[in-house]
file coords-v8.cif (mmCIF, C-alpha atoms)
data_protein
#
loop_
_atom_site.label_atom_id
_atom_site.label_comp_id
_atom_site.auth_asym_id
_atom_site.auth_seq_id
_atom_site.Cartn_x
_atom_site.Cartn_y
_atom_site.Cartn_z
CA MET A 221 121.33 83.06 86.74
CA THR A 222 123.88 82.08 84.07
CA ALA A 223 124.10 85.67 82.85
CA LEU A 224 124.74 86.79 86.41
CA SER A 225 127.58 84.27 86.83
CA VAL A 226 129.20 85.44 83.60
CA PHE A 227 128.81 89.04 84.64
CA PHE A 228 130.54 88.59 87.99
CA ALA A 229 133.36 86.58 86.42
CA ARG A 230 134.03 89.50 84.10
CA ILE A 231 133.74 91.99 86.94
CA GLN A 232 136.51 90.21 88.86
CA VAL A 233 138.87 90.75 85.96
CA ASN A 234 137.86 94.26 84.96
CA SER A 235 136.54 96.16 87.98
CA PHE A 236 139.89 97.35 89.31
CA VAL A 237 141.04 98.36 85.84
CA HIS A 238 138.18 100.82 85.48
CA ALA A 239 138.00 102.19 89.04
CA LYS A 240 140.46 103.27 91.73
CA CYS A 241 139.28 102.07 95.11
CA GLN A 242 140.46 102.56 98.64
CA SER A 243 139.46 100.81 101.84
CA SER A 244 138.46 102.73 104.93
CA SER A 245 136.62 101.30 107.96
CA HIS A 246 135.94 98.11 106.00
CA LYS A 247 134.16 100.03 103.20
CA THR A 248 135.22 100.48 99.58
CA TYR A 249 135.27 103.96 98.09
CA THR A 250 135.87 105.29 94.59
CA LYS A 251 137.62 108.61 94.14
CA TYR A 252 136.23 110.88 91.50
CA ASN A 253 136.27 114.56 90.69
CA THR A 254 133.15 116.46 91.76
CA ASN A 255 134.14 119.66 89.96
CA ASP A 256 137.12 121.46 88.47
CA GLU A 257 138.24 122.91 91.78
CA GLY A 258 138.73 119.75 93.75
CA SER A 259 137.75 116.18 94.47
CA SER A 260 135.79 114.33 97.11
CA SER A 261 135.53 110.74 98.32
CA LEU A 262 132.06 109.23 98.30
CA ASP A 263 130.97 105.65 98.76
CA LYS A 264 130.02 104.33 95.31
CA GLY A 265 129.92 100.68 96.26
CA PHE A 266 131.90 98.58 93.80
CA ASN A 267 131.28 101.01 90.97
CA ILE A 268 129.40 98.21 89.24
CA LEU A 269 126.96 100.26 87.16
CA GLU A 270 129.73 102.34 85.58
CA THR A 271 131.92 99.30 85.01
CA THR A 272 129.24 97.11 83.43
CA SER A 273 128.47 99.64 80.72
CA LYS A 274 131.77 98.65 79.13
CA ILE A 275 131.01 94.92 79.39
CA LEU A 276 127.24 94.31 79.26
CA PRO A 277 124.21 96.37 78.28
CA GLN A 278 122.91 98.15 81.36
CA GLY A 279 119.41 96.74 80.83
CA LEU A 280 120.68 93.14 80.94
CA PHE A 281 122.55 93.79 84.17
CA ILE A 282 119.60 95.50 85.86
CA GLU A 283 117.12 92.81 84.85
CA THR A 284 119.46 90.04 86.02
CA VAL A 285 120.04 91.63 89.41
CA ARG A 286 116.34 92.48 89.77
CA GLU A 287 115.23 88.91 89.09
CA SER A 288 117.89 87.48 91.39
CA TRP A 289 116.98 89.88 94.18
CA ASN A 290 113.26 89.14 93.69
CA PHE A 291 113.88 85.39 93.88
CA ILE A 292 115.78 85.73 97.17
CA TRP A 293 113.17 88.14 98.58
CA ARG A 294 110.31 85.77 97.78
CA ARG A 295 112.12 82.88 99.43
CA MET A 296 112.66 84.95 102.58
CA MET A 297 109.05 86.13 102.57
CA THR A 298 107.86 82.52 102.32
CA GLU A 299 110.00 81.63 105.34
CA LEU A 300 108.47 84.56 107.22
CA ALA A 301 104.89 84.09 106.02
CA PRO A 302 103.62 80.94 104.25
CA GLN A 303 102.22 81.63 100.78
CA ASP A 304 99.70 79.93 98.53
CA SER A 305 100.32 79.52 94.80
CA SER A 306 98.93 83.00 94.06
CA GLY A 307 101.46 84.72 96.32
CA SER A 308 98.89 85.39 99.04
CA TYR A 309 99.74 84.96 102.71
CA GLU A 310 97.94 82.13 104.49
CA ARG A 311 98.01 82.34 108.27
CA PRO A 312 98.74 78.94 109.86
CA LEU A 313 96.14 77.66 112.32
CA SER A 314 96.94 77.71 116.02
CA ALA A 315 98.03 74.30 117.29
CA PHE A 316 96.31 74.39 120.70
CA ARG A 317 92.61 75.20 120.45
CA ASN A 318 89.14 74.32 121.73
CA ARG A 319 90.13 73.90 125.36
CA GLU A 320 88.38 75.67 128.20
CA ILE A 321 89.14 76.88 131.70
CA GLY A 322 86.39 75.41 133.87
CA SER A 323 86.52 71.97 132.27
CA LEU A 324 87.55 68.79 134.09
CA GLU A 325 91.00 69.02 132.51
CA PHE A 326 91.48 72.69 133.37
CA PRO A 327 89.63 73.63 136.59
CA ASP A 328 88.72 77.25 137.23
CA GLU A 329 91.18 78.12 140.02
CA PRO A 330 93.08 81.29 140.99
CA SER A 331 96.83 81.51 140.32
CA ARG A 332 96.81 78.26 138.37
CA TYR A 333 97.16 79.78 134.92
CA HIS A 334 99.78 81.98 133.32
CA LEU A 335 99.83 84.15 130.20
CA TYR A 336 102.75 85.05 127.93
CA LEU A 337 102.21 88.20 125.92
CA GLY A 338 104.35 90.38 123.63
CA ASN A 339 103.64 94.10 123.37
CA PRO A 340 104.12 94.46 119.57
CA CYS A 341 101.78 91.58 118.70
CA PRO A 342 98.14 92.53 117.96
CA TRP A 343 96.94 89.02 118.87
CA CYS A 344 98.64 89.35 122.27
CA HIS A 345 97.14 92.80 122.62
CA ARG A 346 93.67 91.29 122.35
CA VAL A 347 94.41 89.14 125.39
CA LYS A 348 96.00 92.00 127.31
CA LEU A 349 92.86 94.06 126.73
CA ALA A 350 90.73 91.22 128.10
CA VAL A 351 92.92 91.02 131.22
CA VAL A 352 92.65 94.78 131.76
CA LEU A 353 88.95 95.13 131.03
CA LYS A 354 88.02 92.11 133.14
CA LYS A 355 90.15 93.58 135.97
CA LEU A 356 92.18 90.41 136.41
CA GLU A 357 94.99 90.77 138.94
CA PRO A 358 98.19 88.72 139.44
CA GLU A 359 96.47 86.67 142.14
CA ASN A 360 93.90 85.64 139.54
CA ILE A 361 96.24 84.93 136.62
CA GLY A 362 99.93 85.58 136.03
CA VAL A 363 101.25 87.52 133.05
CA THR A 364 104.80 87.55 131.66
CA SER A 365 105.85 90.12 129.07
CA LEU A 366 107.91 88.72 126.20
CA VAL A 367 110.66 90.48 124.27
CA ASP A 368 110.67 90.23 120.45
CA ASP A 369 114.20 89.27 119.42
CA PRO A 370 114.39 86.67 116.63
CA VAL A 371 118.20 86.90 116.61
CA LYS A 372 118.48 85.64 120.19
CA ALA A 373 115.47 83.31 120.05
CA SER A 374 116.24 79.68 119.19
CA ARG A 375 113.02 79.45 117.17
CA GLY A 376 110.33 82.02 116.55
CA GLY A 377 110.89 85.51 117.87
CA TRP A 378 110.13 85.61 121.60
CA ILE A 379 112.57 85.55 124.51
CA PHE A 380 112.35 86.41 128.21
CA SER A 381 113.95 89.49 129.68
CA LYS A 382 116.04 89.64 132.85
CA ASN A 383 113.37 91.80 134.41
CA ASP A 384 110.44 89.51 133.62
CA LYS A 385 111.65 85.94 133.72
CA ASP A 386 109.64 82.83 132.94
CA PRO A 387 108.24 81.32 136.17
CA LEU A 388 109.14 77.91 134.72
CA GLY A 389 112.74 78.97 134.08
CA SER A 390 112.83 78.96 130.27
CA TYR A 391 115.21 81.10 128.20
CA ASP A 392 112.80 81.66 125.34
CA LEU A 393 109.33 80.65 124.22
CA ARG A 394 110.62 77.70 122.21
CA GLU A 395 112.17 76.19 125.35
CA LEU A 396 108.88 76.66 127.19
CA TYR A 397 106.96 74.89 124.42
CA ASP A 398 109.48 72.04 124.57
CA LYS A 399 109.01 71.71 128.34
CA LEU A 400 105.24 71.63 128.16
CA CYS A 401 104.88 69.66 124.94
CA PRO A 402 108.00 67.51 124.29
CA GLY A 403 108.53 66.79 120.62
CA TYR A 404 106.40 69.72 119.45
CA LYS A 405 107.54 70.85 115.99
CA GLY A 406 105.10 73.66 115.26
CA ARG A 407 105.30 77.43 115.54
CA CYS A 408 106.21 78.81 118.97
CA THR A 409 103.75 81.67 119.02
CA ALA A 410 102.21 84.05 121.51
CA PRO A 411 99.80 84.66 123.11
CA LEU A 412 100.24 81.53 125.15
CA LEU A 413 98.08 80.37 128.07
CA ILE A 414 99.45 77.58 130.24
CA ASP A 415 98.37 75.54 133.25
CA LYS A 416 101.30 75.86 135.68
CA LYS A 417 99.99 73.14 138.00
CA ALA A 418 99.47 70.50 135.32
CA LYS A 419 102.39 71.85 133.24
CA LYS A 420 100.28 71.85 130.08
CA ILE A 421 99.53 74.29 127.29
CA VAL A 422 95.92 75.38 127.41
CA SER A 423 95.80 77.53 124.25
CA ASN A 424 97.89 79.63 121.88
CA ASP A 425 94.86 81.06 120.08
CA SER A 426 93.91 84.63 120.99
CA SER A 427 90.22 84.18 120.18
CA ASP A 428 89.86 81.18 122.48
CA ILE A 429 91.85 82.84 125.28
CA VAL A 430 89.76 86.03 125.19
CA ARG A 431 86.55 83.99 125.33
CA MET A 432 87.92 81.96 128.28
CA LEU A 433 88.98 85.03 130.24
CA ASN A 434 85.54 86.55 129.79
CA LYS A 435 83.86 83.51 131.38
CA ALA A 436 86.35 82.29 134.00
CA LYS A 437 86.20 83.54 137.59
CA LEU A 438 89.80 82.64 138.55
CA GLY A 439 89.07 83.31 142.20
CA LYS A 440 87.53 86.73 141.72
CA GLY A 441 84.89 87.78 144.21
CA TYR A 442 81.69 89.33 142.97
CA GLU A 443 82.66 92.38 141.04
CA GLU A 444 80.71 93.65 138.11
CA THR A 445 82.96 93.90 135.07
CA ILE A 446 82.32 94.27 131.39
CA ASP A 447 80.78 91.26 129.63
CA LEU A 448 82.58 91.00 126.31
CA TYR A 449 80.20 88.36 124.94
CA PRO A 450 76.65 88.97 126.20
CA ASN A 451 74.16 86.29 125.16
CA GLU A 452 71.77 88.73 123.50
CA LEU A 453 74.54 89.94 121.15
CA ALA A 454 76.32 86.63 120.59
CA SER A 455 75.18 86.04 117.01
CA GLU A 456 75.91 89.62 115.96
CA ILE A 457 79.35 89.49 117.60
CA ASP A 458 80.17 86.24 115.79
CA ALA A 459 79.13 87.68 112.43
CA THR A 460 81.09 90.89 113.04
CA ASN A 461 84.15 88.94 114.11
CA GLU A 462 84.16 87.14 110.76
CA TRP A 463 84.38 90.21 108.56
CA VAL A 464 86.65 92.10 110.96
CA TYR A 465 89.13 89.22 110.83
CA GLU A 466 88.93 88.60 107.09
CA LEU A 467 89.00 92.21 105.91
CA LEU A 468 91.08 93.93 108.58
CA ASN A 469 92.85 91.75 111.18
CA ASP A 470 94.15 89.35 108.54
CA GLY A 471 93.71 91.73 105.61
CA VAL A 472 96.53 94.03 106.70
CA TYR A 473 98.90 91.07 106.98
CA ARG A 474 97.88 89.75 103.59
CA CYS A 475 98.86 93.17 102.22
CA GLY A 476 102.24 93.21 103.91
CA PHE A 477 103.13 89.60 103.19
CA SER A 478 101.89 89.34 99.58
CA THR A 479 104.54 88.37 97.04
CA ARG A 480 102.45 88.88 93.88
CA GLN A 481 100.73 92.02 92.68
CA ASP A 482 97.30 90.45 92.25
CA ALA A 483 97.42 89.06 95.78
CA TYR A 484 98.32 92.47 97.18
CA ASN A 485 95.60 94.21 95.14
CA LYS A 486 92.95 91.85 96.52
CA ALA A 487 94.16 92.24 100.10
CA SER A 488 94.39 96.04 99.85
CA SER A 489 90.87 96.20 98.43
CA ASP A 490 89.66 94.06 101.35
CA VAL A 491 91.22 96.46 103.85
CA THR A 492 89.55 99.45 102.21
CA THR A 493 86.22 97.61 102.22
CA GLY A 494 86.65 96.78 105.90
CA LEU A 495 87.48 100.35 106.88
CA GLU A 496 84.50 101.69 104.94
CA LEU A 497 82.16 99.11 106.46
CA ALA A 498 83.34 99.85 110.00
CA ASP A 499 82.96 103.57 109.42
CA LYS A 500 79.44 103.10 108.07
CA ILE A 501 78.35 100.97 111.04
CA LEU A 502 79.91 103.34 113.57
CA ALA A 503 78.07 106.29 112.05
CA GLU A 504 74.93 104.91 113.67
CA ARG A 505 76.19 103.48 116.97
CA ASP A 506 78.97 103.93 119.50
CA PHE A 507 80.42 100.42 119.09
CA LEU A 508 80.36 97.70 116.45
CA CYS A 509 77.48 95.72 117.92
CA GLY A 510 75.48 98.44 119.62
CA ASN A 511 76.06 100.89 122.42
CA VAL A 512 78.35 98.67 124.53
CA PHE A 513 81.96 97.61 124.01
CA THR A 514 82.11 93.90 123.14
CA GLU A 515 84.53 91.24 121.99
CA ALA A 516 84.08 92.51 118.42
CA ASP A 517 85.49 95.91 119.36
CA LEU A 518 88.29 94.30 121.34
CA ARG A 519 89.35 92.27 118.30
CA LEU A 520 89.38 95.30 116.00
CA LEU A 521 91.11 97.75 118.34
CA PRO A 522 94.71 96.39 118.16
CA THR A 523 94.62 96.54 114.35
CA ILE A 524 93.34 100.12 114.24
CA LEU A 525 95.87 101.32 116.83
CA ARG A 526 98.75 100.00 114.71
CA PHE A 527 97.33 101.10 111.38
CA ASP A 528 98.76 104.60 110.91
CA GLY A 529 102.22 103.67 112.16
CA ALA A 530 102.79 100.26 110.56
CA TYR A 531 100.03 98.75 108.45
CA SER A 532 99.53 101.70 106.14
CA PRO A 533 103.15 102.85 105.55
CA LEU A 534 104.99 99.52 105.83
CA PHE A 535 102.36 96.97 104.76
CA ARG A 536 100.78 99.41 102.26
CA ALA A 537 97.38 98.30 103.55
CA GLY A 538 94.69 100.17 101.65
CA GLY A 539 97.43 102.29 100.07
CA VAL A 540 100.35 104.02 101.77
CA ASN A 541 98.46 107.27 102.34
CA THR A 542 95.44 105.80 104.15
CA ARG A 543 94.92 107.05 107.70
CA ILE A 544 92.28 106.18 110.28
CA ARG A 545 91.32 109.84 110.61
CA ASP A 546 90.16 109.60 106.96
CA TYR A 547 87.20 107.64 108.38
CA PRO A 548 85.57 110.07 110.85
CA HIS A 549 83.22 107.64 112.59
CA LEU A 550 85.91 104.96 112.94
CA PHE A 551 88.28 107.63 114.24
CA ALA A 552 85.73 108.75 116.83
CA TRP A 553 85.29 105.11 117.89
CA LEU A 554 89.07 104.76 118.28
CA LYS A 555 89.21 107.75 120.63
CA ARG A 556 86.19 106.43 122.52
CA CYS A 557 87.92 103.09 123.07
CA TRP A 558 91.24 104.72 123.94
CA ASN A 559 89.59 106.67 126.76
CA MET A 560 88.21 103.54 128.43
CA ASP A 561 89.88 102.64 131.73
CA GLY A 562 93.08 100.66 131.19
CA VAL A 563 93.18 100.73 127.38
CA GLU A 564 95.98 103.28 127.09
CA GLN A 565 98.04 101.31 129.62
CA SER A 566 97.57 98.09 127.64
CA ILE A 567 100.14 99.05 124.96
CA ASP A 568 103.45 100.81 124.46
CA LEU A 569 102.47 102.23 121.09
CA GLU A 570 105.88 103.43 119.92
CA ASN A 571 107.52 100.11 120.80
CA ALA A 572 104.75 98.15 119.08
CA VAL A 573 105.01 100.11 115.84
CA SER A 574 108.82 100.20 115.71
CA SER A 575 108.97 96.43 116.11
CA TYR A 576 107.51 95.94 112.64
CA TYR A 577 110.40 97.93 111.13
CA ARG A 578 113.05 96.31 113.34
CA GLN A 579 112.05 92.68 113.02
CA LEU A 580 110.41 92.21 109.60
CA PHE A 581 113.64 92.75 107.68
CA PRO A 582 112.38 91.40 104.31
CA LEU A 583 109.96 94.35 104.36
CA ASN A 584 112.55 96.81 105.63
CA PRO A 585 115.95 95.43 104.56
CA GLY A 586 117.82 98.66 105.26
CA GLY A 587 116.71 98.54 108.89
CA LEU A 588 115.95 102.27 109.01
CA LEU A 589 113.39 103.20 111.64
CA PRO A 590 110.95 106.00 110.83
CA THR A 591 110.42 108.80 113.31
CA PRO A 592 108.27 107.14 116.01
CA ILE A 593 104.57 107.81 115.70
CA SER A 594 103.03 109.24 118.84
CA LYS A 595 99.57 109.22 120.38
CA ARG A 596 99.31 112.90 119.46
CA GLU A 597 100.07 112.20 115.78
CA ILE A 598 97.42 109.51 115.63
CA GLY A 599 94.98 111.96 117.23
CA LEU A 600 94.59 110.31 120.63
CA GLU A 601 95.66 113.37 122.62
#
call {"tool": "encode", "arguments": {"input": "coords-v8.cif", "output": "structure tokens"}}
result
Amino acid sequence: MTALSVFFARIQVNSFVHAKCQSSSHKTYTKYNTNDEGSSSLDKGFNILETTSKILPQGLFIETVRESWNFIWRRMMTELAPQDSSGSYERPLSAFRNREIGSLEFPDEPSRYHLYLGNPCPWCHRVKLAVVLKKLEPENIGVTSLVDDPVKASRGGWIFSKNDKDPLGSYDLRELYDKLCPGYKGRCTAPLLIDKKAKKIVSNDSSDIVRMLNKAKLGKGYEETIDLYPNELASEIDATNEWVYELLNDGVYRCGFSTRQDAYNKASSDVTTGLELADKILAERDFLCGNVFTEADLRLLPTILRFDGAYSPLFRAGGVNTRIRDYPHLFAWLKRCWNMDGVEQSIDLENAVSSYYRQLFPLNPGGLLPTPISKREIGLE
């Protein structure tokens, strides 16, 4: 950092001696001849690289800036995603777990409970899929759609829109957490399931919420719906959930949020292993645990839907050129799931994918959004 301080001190004295600059629309430009016939004005920043060659060796300047930039980037990444000493992302545990609708504390009643879900979030998407597949209606359980806007949010990234306000009158998710759990200092995450009557948080863990929604009646009459966790498949679903989470659900995030090469290499290898394992299993059956869609499929689906648009190109999961269609049996499974009633309506795919580029600025500091990926490009139409 000392070399950088010396460098900028010298730049202040010398930069305007070696370059003619003009200001236009709050930008600095350097005039230079493009050819013998005329000249053109292009933005060359502060002309630092040309100037430093007369003061410091170019290699020293580049290494100093690179190390400084890397230090700042790692600090920002750690704020975004907690890291262990190896530079590997470690997902924090959910704060509200192991509670159950149907217990003495949380009776199984219609219209008593409310969900808060954000479209871009794969963990929220799990819960939305459970709501859709279990055919839960507003009279059974309420659902509010969150907007991802970390600039406007007081903590975390979720706020309420004017068109879908919080029934408890909160401005953002942090305010709702404060109302329901005064003094709470943890992460204000979604999905969130609350008890409106008792004004308590039931859970902010997607796995627990999905399991609860599969069992609870919430005032529904007798209507045969899909059982996401049948007793005869329970042990196989649990075992599948473990590797799906480790290799794929969490694996893609460990790729994107790694700050050391070895950590990324391990995570990327895990993702490839997970994709190959899923493809191998699905070569012999329609779904992960047999010939019926279960909780295991529900937990994998949000990750696979976001893979081609975000996890492969932005997170570099499994390498930047990996696509789901490279795994024919997994790809066939994806289309099979997509064609189930309600699945397509459970997500705004373009909004979900673009959110990663808009909001995770340490991964996309320029803020440029790629051409939106469509259902057709993924192969779903």
call {"tool": "atom_distance", "arguments": {"input": "coords-v8.cif", "atom1": "CA of Arg407 (chain A)", "atom2": "CA of Leu393 (chain A)"}}
result
10.1 Å
call {"tool": "resolve_selection", "arguments": {"input": "coords-v8.cif", "expression": "the PyMOL selection byres ((chain A and resi 302) around 12)", "output": "MDAnalysis selection string"}}
result
chainID A and resid 294:301 303:313 407 473:474 477:479
call {"tool": "atom_distance", "arguments": {"input": "coords-v8.cif", "atom1": "CA of Arg480 (chain A)", "atom2": "CA of Asn290 (chain A)"}}
result
10.8 Å
call {"tool": "residues_near_point", "arguments": {"input": "coords-v8.cif", "point": "(87.9, 77.6, 127.1)", "cutoff": "12 Å", "atoms": "all atoms listed in the file", "output": "MDAnalysis selection string"}}
result
chainID A and resid 316:328 413:414 422:436
call {"tool": "atom_distance", "arguments": {"input": "coords-v8.cif", "atom1": "CA of Arg556 (chain A)", "atom2": "CA of Leu412 (chain A)"}}
result
28.7 Å
call {"tool": "resolve_selection", "arguments": {"input": "coords-v8.cif", "expression": "the PyMOL selection byres ((chain A and resi 361-367) around 8)", "output": "MDAnalysis selection string"}}
result
chainID A and resid 330:339 356:360 368:369 378:381 384:386 438
call {"tool": "resolve_selection", "arguments": {"input": "coords-v8.cif", "expression": "the PyMOL selection byres ((chain A and resi 534) around 12)", "output": "JSON list (two decimals) with C-alpha atoms, in the frame of the given file"}}
result
[["chain", "number", "residue", "atom", "x", "y", "z"],
["A", 472, "VAL", "CA", 96.53, 94.03, 106.70],
["A", 473, "TYR", "CA", 98.90, 91.07, 106.98],
["A", 475, "CYS", "CA", 98.86, 93.17, 102.22],
["A", 476, "GLY", "CA", 102.24, 93.21, 103.91],
["A", 477, "PHE", "CA", 103.13, 89.60, 103.19],
["A", 526, "ARG", "CA", 98.75, 100.00, 114.71],
["A", 527, "PHE", "CA", 97.33, 101.10, 111.38],
["A", 528, "ASP", "CA", 98.76, 104.60, 110.91],
["A", 529, "GLY", "CA", 102.22, 103.67, 112.16],
["A", 530, "ALA", "CA", 102.79, 100.26, 110.56],
["A", 531, "TYR", "CA", 100.03, 98.75, 108.45],
["A", 532, "SER", "CA", 99.53, 101.70, 106.14],
["A", 533, "PRO", "CA", 103.15, 102.85, 105.55],
["A", 535, "PHE", "CA", 102.36, 96.97, 104.76],
["A", 536, "ARG", "CA", 100.78, 99.41, 102.26],
["A", 537, "ALA", "CA", 97.38, 98.30, 103.55],
["A", 538, "GLY", "CA", 94.69, 100.17, 101.65],
["A", 539, "GLY", "CA", 97.43, 102.29, 100.07],
["A", 540, "VAL", "CA", 100.35, 104.02, 101.77],
["A", 541, "ASN", "CA", 98.46, 107.27, 102.34],
["A", 542, "THR", "CA", 95.44, 105.80, 104.15],
["A", 573, "VAL", "CA", 105.01, 100.11, 115.84],
["A", 574, "SER", "CA", 108.82, 100.20, 115.71],
["A", 575, "SER", "CA", 108.97, 96.43, 116.11],
["A", 576, "TYR", "CA", 107.51, 95.94, 112.64],
["A", 577, "TYR", "CA", 110.40, 97.93, 111.13],
["A", 578, "ARG", "CA", 113.05, 96.31, 113.34],
["A", 580, "LEU", "CA", 110.41, 92.21, 109.60],
["A", 581, "PHE", "CA", 113.64, 92.75, 107.68],
["A", 582, "PRO", "CA", 112.38, 91.40, 104.31],
["A", 583, "LEU", "CA", 109.96, 94.35, 104.36],
["A", 584, "ASN", "CA", 112.55, 96.81, 105.63],
["A", 585, "PRO", "CA", 115.95, 95.43, 104.56],
["A", 588, "LEU", "CA", 115.95, 102.27, 109.01],
["A", 589, "LEU", "CA", 113.39, 103.20, 111.64],
["A", 590, "PRO", "CA", 110.95, 106.00, 110.83]]
call {"tool": "closest_residue", "arguments": {"input": "coords-v8.cif", "among": "A:Lys417, A:His345, A:Arg505, A:Lys274", "to": "Val563 (chain A)", "atoms": "all atoms listed in the file"}}
result
A:His345
call {"tool": "residues_near_point", "arguments": {"input": "coords-v8.cif", "point": "(83.0, 97.1, 107.0)", "cutoff": "12 Å", "atoms": "all atoms listed in the file", "output": "JSON, numbers by chain"}}
result
{"A": [459, 460, 461, 462, 463, 464, 465, 466, 467, 468, 469, 489, 490, 491, 492, 493, 494, 495, 496, 497, 498, 499, 500, 501, 502, 503, 508, 520, 547, 549, 550]}
call {"tool": "residues_around", "arguments": {"input": "coords-v8.cif", "residues": "Leu554 (chain A)", "least_positions_apart": "5", "cutoff": "8 Å", "atoms": "only C-alpha atoms", "output": "list in words"}}
result
Leu521, Ile524 and Leu525 of chain A
call {"tool": "closest_residue", "arguments": {"input": "coords-v8.cif", "among": "A:Arg545, A:Lys264, A:Arg286, A:Lys348", "to": "Pro411 (chain A)", "atoms": "only C-alpha atoms"}}
result
A:Lys348
call {"tool": "closest_atom_pairs", "arguments": {"input": "coords-v8.cif", "of": "region 331-397 of chain A", "to": "region 445-453 of chain A", "cutoff": "9 Å", "atoms": "only C-alpha atoms", "output": "tab-separated table"}}
result
residue	atom	partner	partner_atom	distance
A:Ala350	CA	A:Leu448	CA	8.3
A:Leu353	CA	A:Ile446	CA	6.7
A:Lys354	CA	A:Thr445	CA	5.7
A:Lys355	CA	A:Thr445	CA	7.3
call {"tool": "axis_aligned_box", "arguments": {"input": "coords-v8.cif", "around": "region 412-424 of chain A", "padding_each_side": "5 Å", "output": "JSON"}}
result
{"center_x": 99.1, "center_y": 76.0, "center_z": 129.9, "size_x": 16.6, "size_y": 21.0, "size_z": 26.1}
call {"tool": "decode", "arguments": {"input": "coords-v8.cif", "residues": "region 334-345 of chain A", "atoms": "N, CA, C and O atoms", "output": "PDB file, in the first residue's frame"}}
result
ATOM      1  N   HIS A 334     -48.723 -16.831   7.106  1.00  0.00           N
ATOM      2  CA  HIS A 334     -48.411 -15.994   5.946  1.00  0.00           C
ATOM      3  C   HIS A 334     -46.969 -16.236   5.517  1.00  0.00           C
ATOM      4  O   HIS A 334     -46.069 -16.373   6.360  1.00  0.00           O
ATOM      5  N   LEU A 335     -46.770 -16.290   4.201  1.00  0.00           N
ATOM      6  CA  LEU A 335     -45.455 -16.512   3.623  1.00  0.00           C
ATOM      7  C   LEU A 335     -44.945 -15.254   2.933  1.00  0.00           C
ATOM      8  O   LEU A 335     -45.718 -14.525   2.304  1.00  0.00           O
ATOM      9  N   TYR A 336     -43.628 -15.049   3.007  1.00  0.00           N
ATOM     10  CA  TYR A 336     -42.963 -13.966   2.291  1.00  0.00           C
ATOM     11  C   TYR A 336     -41.908 -14.591   1.386  1.00  0.00           C
ATOM     12  O   TYR A 336     -40.970 -15.254   1.863  1.00  0.00           O
ATOM     13  N   LEU A 337     -42.078 -14.372   0.083  1.00  0.00           N
ATOM     14  CA  LEU A 337     -41.227 -15.043  -0.898  1.00  0.00           C
ATOM     15  C   LEU A 337     -40.722 -14.042  -1.938  1.00  0.00           C
ATOM     16  O   LEU A 337     -41.462 -13.158  -2.365  1.00  0.00           O
ATOM     17  N   GLY A 338     -39.466 -14.209  -2.357  1.00  0.00           N
ATOM     18  CA  GLY A 338     -38.883 -13.395  -3.410  1.00  0.00           C
ATOM     19  C   GLY A 338     -38.628 -14.221  -4.655  1.00  0.00           C
ATOM     20  O   GLY A 338     -38.019 -15.303  -4.567  1.00  0.00           O
ATOM     21  N   ASN A 339     -39.056 -13.737  -5.794  1.00  0.00           N
ATOM     22  CA  ASN A 339     -38.944 -14.499  -7.039  1.00  0.00           C
ATOM     23  C   ASN A 339     -37.518 -14.925  -7.385  1.00  0.00           C
ATOM     24  O   ASN A 339     -37.305 -16.064  -7.812  1.00  0.00           O
ATOM     25  N   PRO A 340     -36.487 -14.067  -7.237  1.00  0.00           N
ATOM     26  CA  PRO A 340     -35.148 -14.488  -7.658  1.00  0.00           C
ATOM     27  C   PRO A 340     -34.542 -15.607  -6.812  1.00  0.00           C
ATOM     28  O   PRO A 340     -33.683 -16.345  -7.284  1.00  0.00           O
ATOM     29  N   CYS A 341     -34.986 -15.731  -5.573  1.00  0.00           N
ATOM     30  CA  CYS A 341     -34.333 -16.613  -4.598  1.00  0.00           C
ATOM     31  C   CYS A 341     -34.708 -18.081  -4.808  1.00  0.00           C
ATOM     32  O   CYS A 341     -35.892 -18.436  -4.773  1.00  0.00           O
ATOM     33  N   PRO A 342     -33.728 -18.968  -5.000  1.00  0.00           N
ATOM     34  CA  PRO A 342     -34.049 -20.389  -5.202  1.00  0.00           C
ATOM     35  C   PRO A 342     -34.656 -21.044  -3.971  1.00  0.00           C
ATOM     36  O   PRO A 342     -35.449 -21.981  -4.082  1.00  0.00           O
ATOM     37  N   TRP A 343     -34.290 -20.556  -2.772  1.00  0.00           N
ATOM     38  CA  TRP A 343     -34.845 -21.118  -1.536  1.00  0.00           C
ATOM     39  C   TRP A 343     -36.318 -20.721  -1.409  1.00  0.00           C
ATOM     40  O   TRP A 343     -37.137 -21.531  -0.953  1.00  0.00           O
ATOM     41  N   CYS A 344     -36.662 -19.501  -1.805  1.00  0.00           N
ATOM     42  CA  CYS A 344     -38.065 -19.090  -1.855  1.00  0.00           C
ATOM     43  C   CYS A 344     -38.826 -19.879  -2.914  1.00  0.00           C
ATOM     44  O   CYS A 344     -40.004 -20.219  -2.728  1.00  0.00           O
ATOM     45  N   HIS A 345     -38.151 -20.156  -4.023  1.00  0.00           N
ATOM     46  CA  HIS A 345     -38.802 -20.886  -5.104  1.00  0.00           C
ATOM     47  C   HIS A 345     -39.213 -22.286  -4.655  1.00  0.00           C
ATOM     48  O   HIS A 345     -40.263 -22.803  -5.052  1.00  0.00           O
TER      49      HIS A 345
END
